[in-house]
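Here's structure-v1.csv, which has CSV, C-alpha atoms and all ligand atoms:
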```
chain,number,residue,atom,x,y,z
E,1,MET,CA,-53.1,-10.3,-15.5
E,2,ILE,CA,-50.2,-12.6,-14.8
E,3,PRO,CA,-50.8,-16.2,-15.8
E,4,ARG,CA,-50.9,-18.6,-12.8
E,5,ILE,CA,-47.8,-20.4,-14.0
E,6,HIS,CA,-45.8,-17.2,-13.9
E,7,ARG,CA,-47.0,-16.4,-10.4
E,8,LEU,CA,-45.8,-19.8,-9.2
E,9,PHE,CA,-42.4,-19.2,-10.8
E,10,ALA,CA,-42.3,-15.7,-9.3
E,11,ARG,CA,-43.0,-17.1,-5.8
E,12,ALA,CA,-40.4,-19.9,-6.3
E,13,GLY,CA,-38.0,-17.1,-7.3
E,14,ILE,CA,-38.6,-15.2,-4.0
E,15,VAL,CA,-38.1,-18.4,-2.0
E,16,SER,CA,-34.9,-19.2,-3.8
E,17,ALA,CA,-33.7,-15.7,-3.2
E,18,LEU,CA,-34.4,-16.0,0.6
E,19,VAL,CA,-32.6,-19.3,0.7
E,20,LEU,CA,-29.7,-17.9,-1.2
E,21,GLY,CA,-29.7,-14.9,1.1
E,22,LEU,CA,-29.4,-17.1,4.1
E,23,VAL,CA,-26.6,-19.1,2.6
E,24,GLY,CA,-25.0,-16.0,1.3
E,25,SER,CA,-24.7,-14.5,4.8
E,26,THR,CA,-22.7,-17.5,6.0
E,27,VAL,CA,-20.3,-17.8,3.0
E,28,SER,CA,-20.1,-14.1,2.1
E,29,ALA,CA,-17.1,-13.6,-0.1
E,30,HIS,CA,-16.0,-10.6,1.9
E,31,GLY,CA,-16.9,-11.6,5.4
E,32,PRO,CA,-14.6,-11.6,8.5
E,33,GLY,CA,-12.3,-14.4,9.6
E,34,ALA,CA,-11.8,-17.1,7.0
E,35,SER,CA,-15.0,-16.3,5.2
E,36,ASN,CA,-13.4,-14.3,2.3
E,37,ASP,CA,-12.4,-15.5,-1.1
E,38,PHE,CA,-8.8,-16.1,0.0
E,39,GLY,CA,-9.3,-18.6,2.8
E,40,GLY,CA,-8.8,-15.9,5.4
E,41,CYS,CA,-5.6,-14.5,3.8
E,42,ARG,CA,-5.5,-10.7,3.8
E,43,VAL,CA,-3.0,-8.0,3.2
E,44,LEU,CA,-2.2,-4.7,4.9
E,45,LEU,CA,0.2,-2.6,2.9
E,46,ILE,CA,1.5,0.5,4.8
E,47,GLY,CA,3.3,3.1,2.7
E,48,VAL,CA,5.6,5.7,4.4
E,49,ASP,CA,6.6,8.4,2.0
E,50,GLY,CA,10.3,9.5,1.7
E,51,THR,CA,11.8,7.2,4.3
E,52,ARG,CA,15.6,6.5,4.0
E,53,ALA,CA,16.5,3.0,4.8
E,54,ASP,CA,19.5,3.9,6.9
E,55,ALA,CA,17.5,6.4,9.0
E,56,LEU,CA,14.7,3.9,9.7
E,57,ARG,CA,17.3,1.2,10.5
E,58,LYS,CA,18.9,3.6,13.0
E,59,VAL,CA,15.6,4.3,14.9
E,60,VAL,CA,14.8,0.6,14.9
E,61,THR,CA,18.2,-0.4,16.2
E,62,GLN,CA,18.1,2.4,18.9
E,63,GLY,CA,14.8,1.1,20.2
E,64,ARG,CA,12.9,4.2,19.1
E,65,ALA,CA,10.5,2.3,16.8
E,66,PRO,CA,9.2,-0.6,18.9
E,67,HIS,CA,6.4,-1.6,16.6
E,68,LEU,CA,8.6,-1.8,13.5
E,69,ARG,CA,11.2,-3.6,15.6
E,70,GLU,CA,8.5,-6.2,16.6
E,71,LEU,CA,7.4,-6.6,12.9
E,72,ILE,CA,11.0,-7.1,11.8
E,73,ALA,CA,11.8,-9.6,14.7
E,74,GLY,CA,8.7,-11.6,13.7
E,75,GLY,CA,9.1,-11.2,10.0
E,76,THR,CA,11.5,-10.5,7.1
E,77,VAL,CA,13.3,-7.3,6.3
E,78,THR,CA,15.6,-5.9,3.6
E,79,TRP,CA,17.4,-2.6,4.1
E,80,ASN,CA,18.7,-3.0,0.5
E,81,ALA,CA,15.7,-2.6,-1.8
E,82,TYR,CA,15.7,0.0,-4.6
E,83,THR,CA,13.5,2.4,-6.5
E,84,GLY,CA,14.5,4.4,-9.5
E,85,GLY,CA,14.3,1.5,-12.0
E,86,GLU,CA,17.1,-0.6,-13.5
E,87,PRO,CA,20.2,1.5,-14.3
E,88,GLU,CA,20.9,2.1,-18.0
E,89,THR,CA,17.5,0.7,-19.2
E,90,GLU,CA,14.2,2.3,-20.2
E,91,SER,CA,12.9,1.5,-16.8
E,92,LEU,CA,15.0,4.2,-15.2
E,93,GLN,CA,12.7,6.7,-13.3
E,94,ASN,CA,13.2,9.7,-11.0
E,95,THR,CA,13.3,9.0,-7.3
E,96,VAL,CA,10.1,11.0,-6.6
E,97,SER,CA,6.7,10.0,-5.4
E,98,GLY,CA,4.8,9.8,-8.7
E,99,PRO,CA,6.9,7.1,-10.3
E,100,GLY,CA,7.7,5.5,-6.9
E,101,TRP,CA,4.2,4.9,-5.7
E,102,THR,CA,3.1,3.9,-9.2
E,103,THR,CA,5.8,1.2,-9.1
E,104,VAL,CA,4.6,0.0,-5.6
E,105,LEU,CA,1.0,-0.1,-6.7
E,106,THR,CA,1.3,-1.4,-10.2
E,107,GLY,CA,4.3,-3.8,-9.9
E,108,THR,CA,6.0,-2.1,-12.9
E,109,TRP,CA,8.7,0.5,-13.7
E,110,ARG,CA,8.4,3.6,-15.9
E,111,ASN,CA,9.0,1.6,-19.1
E,112,GLN,CA,5.5,0.1,-18.4
E,113,HIS,CA,3.6,2.7,-16.3
E,114,GLY,CA,5.0,5.7,-18.1
E,115,VAL,CA,5.0,7.9,-15.0
E,116,ALA,CA,8.1,10.2,-15.2
E,117,ASP,CA,7.4,12.6,-12.4
E,118,ASN,CA,4.6,14.0,-10.2
E,119,ARG,CA,2.7,15.5,-13.1
E,120,PHE,CA,1.8,12.1,-14.5
E,121,ARG,CA,1.7,13.4,-18.0
E,122,LEU,CA,1.3,10.7,-20.8
E,123,HIS,CA,1.2,7.9,-18.2
E,124,ARG,CA,0.1,4.4,-19.3
E,125,ILE,CA,-1.5,3.3,-16.0
E,126,ALA,CA,-4.5,1.9,-17.9
E,127,GLN,CA,-2.1,-0.7,-19.4
E,128,ALA,CA,-0.2,-1.3,-16.2
E,129,PRO,CA,-3.0,-0.7,-13.6
E,130,HIS,CA,-3.1,-0.7,-9.8
E,131,TRP,CA,-2.7,-4.3,-8.4
E,132,MET,CA,-6.1,-3.8,-6.7
E,133,ARG,CA,-7.6,-3.5,-10.1
E,134,ARG,CA,-6.0,-6.7,-11.2
E,135,LEU,CA,-7.2,-8.4,-7.9
E,136,LYS,CA,-10.7,-7.2,-8.6
E,137,ASP,CA,-10.5,-8.5,-12.2
E,138,ALA,CA,-9.4,-12.0,-10.9
E,139,CYS,CA,-11.9,-12.0,-8.1
E,140,PRO,CA,-14.9,-9.6,-8.5
E,141,SER,CA,-16.0,-10.0,-4.9
E,142,ALA,CA,-12.6,-9.0,-3.5
E,143,TRP,CA,-12.7,-6.1,-1.1
E,144,ALA,CA,-9.9,-3.6,-1.5
E,145,SER,CA,-9.4,-0.3,0.3
E,146,SER,CA,-7.1,2.6,-0.1
E,147,LEU,CA,-6.5,5.5,2.4
E,148,CYS,CA,-4.1,8.3,1.7
E,149,ASP,CA,-3.3,12.0,1.9
E,150,TRP,CA,-1.3,12.4,-1.2
E,151,GLU,CA,-3.9,13.2,-3.8
E,152,PRO,CA,-2.1,12.0,-7.0
E,153,ILE,CA,-2.3,8.4,-5.7
E,154,GLN,CA,-6.1,8.7,-5.8
E,155,LYS,CA,-6.3,11.0,-8.8
E,156,PHE,CA,-3.9,9.3,-11.2
E,157,ILE,CA,-2.9,5.8,-9.9
E,158,VAL,CA,-6.4,4.8,-8.7
E,159,GLY,CA,-8.2,7.0,-11.2
E,160,GLY,CA,-6.0,5.8,-14.1
E,161,SER,CA,-6.7,2.2,-13.3
E,162,ARG,CA,-10.5,2.4,-13.6
E,163,LYS,CA,-12.3,0.8,-16.5
E,164,GLY,CA,-14.8,3.5,-17.5
E,165,ASP,CA,-16.8,4.5,-14.4
E,166,ALA,CA,-16.4,1.1,-12.7
E,167,ASP,CA,-14.7,1.5,-9.4
E,168,PHE,CA,-12.5,-1.4,-8.3
E,169,LEU,CA,-12.0,0.0,-4.8
E,170,SER,CA,-14.6,-0.9,-2.1
E,171,PHE,CA,-13.4,1.9,0.1
E,172,ASP,CA,-11.4,5.0,-0.9
E,173,PHE,CA,-10.4,7.8,1.5
E,174,LEU,CA,-8.4,10.9,0.8
E,175,ALA,CA,-7.5,13.4,3.5
E,176,THR,CA,-6.8,16.4,1.4
E,177,PRO,CA,-4.0,18.8,2.5
E,178,ASP,CA,-4.9,22.5,2.4
E,179,PRO,CA,-3.0,23.9,-0.7
E,180,ALA,CA,-2.5,27.2,1.1
E,181,LEU,CA,-0.4,25.4,3.8
E,182,LYS,CA,1.9,23.8,1.2
E,183,GLY,CA,2.3,20.5,3.0
E,184,ARG,CA,2.7,21.9,6.6
E,185,ASP,CA,-0.6,20.2,7.6
E,186,TYR,CA,0.6,16.6,6.7
E,187,PRO,CA,0.8,15.6,10.4
E,188,GLN,CA,-2.9,16.4,10.9
E,189,ARG,CA,-3.8,14.7,7.6
E,190,ASP,CA,-1.9,11.6,8.6
E,191,ARG,CA,-3.8,11.5,11.8
E,192,GLU,CA,-7.1,11.6,9.8
E,193,VAL,CA,-5.9,8.7,7.6
E,194,LEU,CA,-4.9,6.7,10.7
E,195,ALA,CA,-8.3,7.3,12.4
E,196,ARG,CA,-10.2,6.2,9.3
E,197,ALA,CA,-8.0,3.2,8.8
E,198,VAL,CA,-8.5,2.1,12.4
E,199,GLU,CA,-12.2,2.5,12.0
E,200,HIS,CA,-12.2,0.7,8.7
E,201,LEU,CA,-10.4,-2.3,10.3
E,202,ALA,CA,-13.2,-2.4,12.9
E,203,VAL,CA,-16.3,-2.1,10.7
E,204,ALA,CA,-15.2,-3.6,7.3
E,205,ASN,CA,-13.5,-6.8,6.2
E,206,PRO,CA,-10.9,-5.7,3.7
E,207,ASP,CA,-9.0,-8.4,1.8
E,208,ALA,CA,-6.4,-5.9,0.8
E,209,MET,CA,-5.8,-2.5,2.3
E,210,PHE,CA,-3.3,0.3,1.5
E,211,VAL,CA,-2.6,3.0,4.1
E,212,TYR,CA,-0.3,5.9,3.2
E,213,PHE,CA,1.5,8.4,5.5
E,214,GLY,CA,3.1,11.5,4.1
E,215,THR,CA,4.6,13.4,7.0
E,216,VAL,CA,8.1,11.9,7.0
E,217,ASP,CA,8.7,13.2,3.4
E,218,GLU,CA,7.5,16.7,4.3
E,219,VAL,CA,9.9,16.7,7.3
E,220,GLY,CA,12.8,15.7,5.1
E,221,HIS,CA,11.8,18.6,2.7
E,222,ALA,CA,11.9,21.0,5.7
E,223,VAL,CA,8.3,21.8,5.1
E,224,VAL,CA,6.8,20.6,8.4
E,225,ASP,CA,9.9,21.6,10.4
E,226,PRO,CA,12.4,24.1,8.9
E,227,ALA,CA,15.3,22.1,10.6
E,228,GLY,CA,14.4,18.9,8.8
E,229,SER,CA,16.4,17.0,6.2
E,230,PHE,CA,16.7,13.5,4.7
E,231,SER,CA,19.4,12.2,6.9
E,232,PRO,CA,20.0,9.5,9.6
E,233,ASP,CA,21.6,12.3,11.6
E,234,ASN,CA,18.7,14.7,11.4
E,235,GLU,CA,16.7,14.7,14.7
E,236,PRO,CA,13.4,16.1,13.3
E,237,TYR,CA,13.5,13.4,10.6
E,238,LEU,CA,14.1,10.6,13.1
E,239,LYS,CA,11.3,12.0,15.3
E,240,ALA,CA,9.0,11.8,12.3
E,241,LEU,CA,9.9,8.1,12.0
E,242,GLU,CA,9.1,7.6,15.7
E,243,THR,CA,5.7,9.1,15.1
E,244,VAL,CA,5.0,6.9,12.1
E,245,ASP,CA,6.1,3.9,14.2
E,246,GLY,CA,3.3,4.8,16.7
E,247,GLN,CA,0.8,5.0,13.9
E,248,VAL,CA,1.9,1.6,12.6
E,249,GLY,CA,1.3,0.4,16.2
E,250,GLU,CA,-2.3,1.7,16.2
E,251,LEU,CA,-3.0,0.0,12.9
E,252,LEU,CA,-1.6,-3.3,14.2
E,253,LYS,CA,-3.7,-2.9,17.4
E,254,ALA,CA,-6.8,-2.4,15.3
E,255,MET,CA,-6.0,-5.4,13.1
E,256,ARG,CA,-5.4,-7.7,16.0
E,257,ALA,CA,-8.6,-6.5,17.7
E,258,ARG,CA,-10.8,-7.8,14.9
E,259,PRO,CA,-13.3,-10.2,16.4
E,260,GLN,CA,-12.2,-13.1,14.2
E,261,PHE,CA,-8.5,-12.1,13.9
E,262,VAL,CA,-7.3,-15.6,15.0
E,263,GLU,CA,-8.9,-17.1,11.9
E,264,GLU,CA,-7.4,-14.5,9.6
E,265,HIS,CA,-4.0,-14.7,7.9
E,266,TRP,CA,-2.7,-11.2,7.6
E,267,LEU,CA,0.4,-10.3,5.7
E,268,VAL,CA,1.6,-6.9,6.8
E,269,LEU,CA,3.9,-5.2,4.2
E,270,LEU,CA,5.7,-1.9,4.7
E,271,THR,CA,7.7,0.1,2.3
E,272,THR,CA,8.5,3.6,1.0
E,273,ASP,CA,8.6,5.3,-2.4
E,274,HIS,CA,12.2,6.8,-2.3
E,275,GLY,CA,14.9,8.0,0.0
E,276,GLY,CA,16.4,11.5,0.0
E,277,ARG,CA,19.5,13.6,0.4
E,278,LEU,CA,19.9,17.0,2.1
E,279,LYS,CA,16.4,18.5,1.7
E,280,ASN,CA,15.4,16.8,-1.6
E,281,HIS,CA,15.3,13.7,-3.8
E,282,GLY,CA,14.8,12.7,-7.4
E,283,ALA,CA,18.3,11.7,-8.6
E,284,GLN,CA,20.0,8.3,-8.7
E,285,THR,CA,22.3,8.5,-5.7
E,286,PRO,CA,22.3,5.5,-3.3
E,287,GLU,CA,20.7,7.8,-0.6
E,288,GLU,CA,17.7,8.4,-2.9
E,289,ARG,CA,17.5,5.0,-4.6
E,290,THR,CA,17.9,2.8,-1.5
E,291,ILE,CA,14.6,1.8,0.1
E,292,TRP,CA,13.5,-0.9,2.5
E,293,ILE,CA,10.7,-3.6,2.7
E,294,ILE,CA,9.3,-5.3,5.8
E,295,ALA,CA,7.1,-8.3,5.5
E,296,HIS,CA,5.4,-9.9,8.5
E,297,GLY,CA,3.0,-12.8,8.3
E,298,GLY,CA,2.1,-15.4,5.6
E,299,ASP,CA,5.1,-17.7,5.0
E,300,PHE,CA,7.7,-15.0,5.6
E,301,PRO,CA,10.4,-16.4,8.0
E,302,ARG,CA,10.8,-14.8,11.4
E,303,GLY,CA,13.9,-12.7,12.1
E,304,LEU,CA,15.3,-12.9,8.6
E,305,GLU,CA,17.3,-10.1,7.0
E,306,LEU,CA,17.7,-10.4,3.3
E,307,PRO,CA,20.8,-8.8,1.8
E,308,GLY,CA,19.0,-7.8,-1.4
E,309,PRO,CA,19.0,-6.0,-3.7
E,310,VAL,CA,15.2,-6.2,-4.0
E,311,PRO,CA,13.4,-4.2,-6.6
E,312,GLN,CA,10.4,-2.0,-5.7
E,313,THR,CA,8.4,-4.0,-8.2
E,314,ALA,CA,8.4,-6.9,-5.8
E,315,ILE,CA,5.5,-5.6,-3.7
E,316,ALA,CA,2.6,-6.4,-6.0
E,317,PRO,CA,3.6,-10.0,-6.7
E,318,THR,CA,4.2,-10.5,-2.9
E,319,VAL,CA,0.6,-9.5,-2.3
E,320,PHE,CA,-0.7,-11.9,-5.0
E,321,ARG,CA,1.4,-14.8,-3.8
E,322,HIS,CA,0.0,-14.3,-0.3
E,323,LEU,CA,-3.6,-14.2,-1.5
E,324,GLY,CA,-3.1,-17.1,-3.8
E,325,VAL,CA,-4.0,-15.2,-6.9
E,326,GLY,CA,-2.4,-16.1,-10.2
E,327,ILE,CA,0.0,-13.7,-12.0
E,328,ASP,CA,-0.2,-13.3,-15.8
E,329,ALA,CA,3.3,-13.3,-17.4
E,330,GLU,CA,2.0,-10.5,-19.7
E,331,TRP,CA,1.8,-8.1,-16.8
E,332,GLY,CA,5.6,-8.0,-16.7
E,333,TRP,CA,5.8,-8.4,-12.9
E,334,SER,CA,9.0,-9.3,-11.1
E,335,LYS,CA,9.5,-12.1,-8.5
E,336,PRO,CA,7.9,-11.6,-5.1
E,337,PHE,CA,10.0,-10.3,-2.1
E,338,GLY,CA,12.0,-13.2,-0.7
E,339,SER,CA,12.7,-15.0,-3.9
E,340,GLN,CA,15.4,-12.7,-5.4
E,341,ARG,CA,18.1,-15.2,-4.4
Q,401,ZN,ZN,7.5,10.6,-2.0
```
How does the structure come out when it is put into structure tokens?
Ligand SMILES: [Zn+2]
Amino acid sequence: MIPRIHRLFARAGIVSALVLGLVGSTVSAHGPGASNDFGGCRVLLIGVDGTRADALRKVVTQGRAPHLRELIAGGTVTWNAYTGGEPETESLQNTVSGPGWTTVLTGTWRNQHGVADNRFRLHRIAQAPHWMRRLKDACPSAWASSLCDWEPIQKFIVGGSRKGDADFLSFDFLATPDPALKGRDYPQRDREVLARAVEHLAVANPDAMFVYFGTVDEVGHAVVDPAGSFSPDNEPYLKALETVDGQVGELLKAMRARPQFVEEHWLVLLTTDHGGRLKNHGAQTPEERTIWIIAHGGDFPRGLELPGPVPQTAIAPTVFRHLGVGIDAEWGWSKPFGSQR
């Protein structure tokens, strides 16, 4: 039999829990509007694989990418960012997706993350983890989501950042390409990523969200279209950029349709992992190394074009600066986008 005093405490405990529950529903750490841990600040990072800066700039200038043009007009852009690491140092890395996305998502180069290529052998992502892991460490109630259709992002970059079985992502979606199609189904997989991302923006309240599209790279490789190549003069490649612009437009529409959007302070960041040349990439030519960054929202000035050069490592600190989360010097991160000069 439970002594009476314990029963009283037990009842008091239930009452406290009910009160806390009511309070909790109004100051929920990952609610909509301004009711998150970051005063309403949120980040949408859109990754477009294999997008040459000169080709994207061309479709934007020609009016073929109205949504990106709107983001650039209302925000800050550089057409002179770079991947591939710092020349003649240990940070040098191949201009391929494995090292590139690892740099975007960990804020470090190969000398820290250890990713040399798309096989991810002997990587050190546990020591240089996904910035969403660092965000979750700093703020355990943060809500971070990742949606992609290139499996190594989920398998190695997200997977390698986990501590034991503990998941730092609140939502993780992978649209898996059919291996038999060797990448030809990326347009369909991108549409699935887009649909889930649009739905997620309607039903969840992410503090940080990464959405990845893979088709542009597969067009450059002449996989989706045999006439494709990585070139500002290749029409299939430019058409793929138009398509991704439309997908960005759908994401922006979903973001702005959030019921408490006016109380939210979204930073929209867009970038790529590498450029390309002819039908491939991986080397250190300007066409492969040069990338671009667009930042819209937060305290980014409107209509500003930064001359660069801006390192690919700038993305992660830009996210943390917007969310007001401290950066530990031991992480080896660079300066955020916009403070290079
Ligand atoms: Zn890539």
Excluding range 63-72 of chain E and its own-chain neighbours fewer than 2 positions away, which residues fall within 7 Å of it when counting only C-alpha atoms? Please give them as a PyMOL selection string.
chain E and resi 59-61+74-77+242+245+248-249+294+296+303
Could the residues that lie within 6 Å of ligand ZN 401 (chain Q), counting only C-alpha atoms and all ligand atoms, be listed as a short mmCIF file (atom, residue, chain, number, x, y, z; two decimals) with C-alpha atoms, in the frame of the given file?
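Ended up saving to part38.cif:
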```
data_model
loop_
_atom_site.label_atom_id
_atom_site.label_comp_id
_atom_site.auth_asym_id
_atom_site.auth_seq_id
_atom_site.Cartn_x
_atom_site.Cartn_y
_atom_site.Cartn_z
CA ASP E 49 6.60 8.40 2.00
CA GLY E 50 10.30 9.50 1.70
CA VAL E 96 10.10 11.00 -6.60
CA SER E 97 6.70 10.00 -5.40
CA ASP E 273 8.60 5.30 -2.40
#
```
Closest-contact table, range 40-109 of chain E side, partner range 181-204 of chain E, 12 Å, counting only C-alpha atoms, as a tab-separated table:
```
residue	atom	partner	partner_atom	distance
E:Arg42	CA	E:Leu201	CA	11.7
E:Val43	CA	E:Leu201	CA	11.7
E:Leu44	CA	E:Leu201	CA	10.1
E:Leu45	CA	E:Ala197	CA	11.6
E:Ile46	CA	E:Ala197	CA	10.7
E:Gly47	CA	E:Asp190	CA	11.6
E:Val48	CA	E:Asp190	CA	10.4
E:Asp49	CA	E:Tyr186	CA	11.2
```
Please provide as an mmCIF file with C-alpha atoms, keeping the file's coordinate frame all residues within 10 Å of Asp217 in chain E, with the sequence filter that same-chain residues fewer than 5 positions apart are discarded (counting only C-alpha atoms).
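This is the output file selection-v4.cif:
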```cif
data_model
loop_
_atom_site.group_PDB
_atom_site.id
_atom_site.type_symbol
_atom_site.label_atom_id
_atom_site.label_comp_id
_atom_site.auth_asym_id
_atom_site.auth_seq_id
_atom_site.Cartn_x
_atom_site.Cartn_y
_atom_site.Cartn_z
ATOM 1 C CA VAL E 48 5.600 5.700 4.400
ATOM 2 C CA ASP E 49 6.600 8.400 2.000
ATOM 3 C CA GLY E 50 10.300 9.500 1.700
ATOM 4 C CA THR E 51 11.800 7.200 4.300
ATOM 5 C CA ARG E 52 15.600 6.500 4.000
ATOM 6 C CA SER E 97 6.700 10.000 -5.400
ATOM 7 C CA GLY E 183 2.300 20.500 3.000
ATOM 8 C CA TYR E 186 0.600 16.600 6.700
ATOM 9 C CA ALA E 222 11.900 21.000 5.700
ATOM 10 C CA VAL E 223 8.300 21.800 5.100
ATOM 11 C CA VAL E 224 6.800 20.600 8.400
ATOM 12 C CA GLY E 228 14.400 18.900 8.800
ATOM 13 C CA SER E 229 16.400 17.000 6.200
ATOM 14 C CA PHE E 230 16.700 13.500 4.700
ATOM 15 C CA TYR E 237 13.500 13.400 10.600
ATOM 16 C CA ALA E 240 9.000 11.800 12.300
ATOM 17 C CA THR E 272 8.500 3.600 1.000
ATOM 18 C CA ASP E 273 8.600 5.300 -2.400
ATOM 19 C CA HIS E 274 12.200 6.800 -2.300
ATOM 20 C CA GLY E 275 14.900 8.000 0.000
ATOM 21 C CA GLY E 276 16.400 11.500 0.000
ATOM 22 C CA LYS E 279 16.400 18.500 1.700
ATOM 23 C CA ASN E 280 15.400 16.800 -1.600
ATOM 24 C CA HIS E 281 15.300 13.700 -3.800
#
```
With a distance cut-off of 12 Å and only C-alpha atoms, select the neighbouring residues of Phe261 in chain E, excluding the residue or stretch itself and same-chain residues fewer than 2 positions from it, and output the selection as a short mmCIF file (atom, residue, chain, number, x, y, z; two decimals) with C-alpha atoms, keeping the file's coordinate frame.
```
data_model
loop_
_atom_site.label_atom_id
_atom_site.label_comp_id
_atom_site.auth_asym_id
_atom_site.auth_seq_id
_atom_site.Cartn_x
_atom_site.Cartn_y
_atom_site.Cartn_z
CA GLY E 31 -16.90 -11.60 5.40
CA PRO E 32 -14.60 -11.60 8.50
CA GLY E 33 -12.30 -14.40 9.60
CA ALA E 34 -11.80 -17.10 7.00
CA SER E 35 -15.00 -16.30 5.20
CA GLY E 40 -8.80 -15.90 5.40
CA CYS E 41 -5.60 -14.50 3.80
CA ARG E 42 -5.50 -10.70 3.80
CA LEU E 201 -10.40 -2.30 10.30
CA ALA E 202 -13.20 -2.40 12.90
CA ASN E 205 -13.50 -6.80 6.20
CA LEU E 252 -1.60 -3.30 14.20
CA LYS E 253 -3.70 -2.90 17.40
CA ALA E 254 -6.80 -2.40 15.30
CA MET E 255 -6.00 -5.40 13.10
CA ARG E 256 -5.40 -7.70 16.00
CA ALA E 257 -8.60 -6.50 17.70
CA ARG E 258 -10.80 -7.80 14.90
CA PRO E 259 -13.30 -10.20 16.40
CA GLU E 263 -8.90 -17.10 11.90
CA GLU E 264 -7.40 -14.50 9.60
CA HIS E 265 -4.00 -14.70 7.90
CA TRP E 266 -2.70 -11.20 7.60
#
```
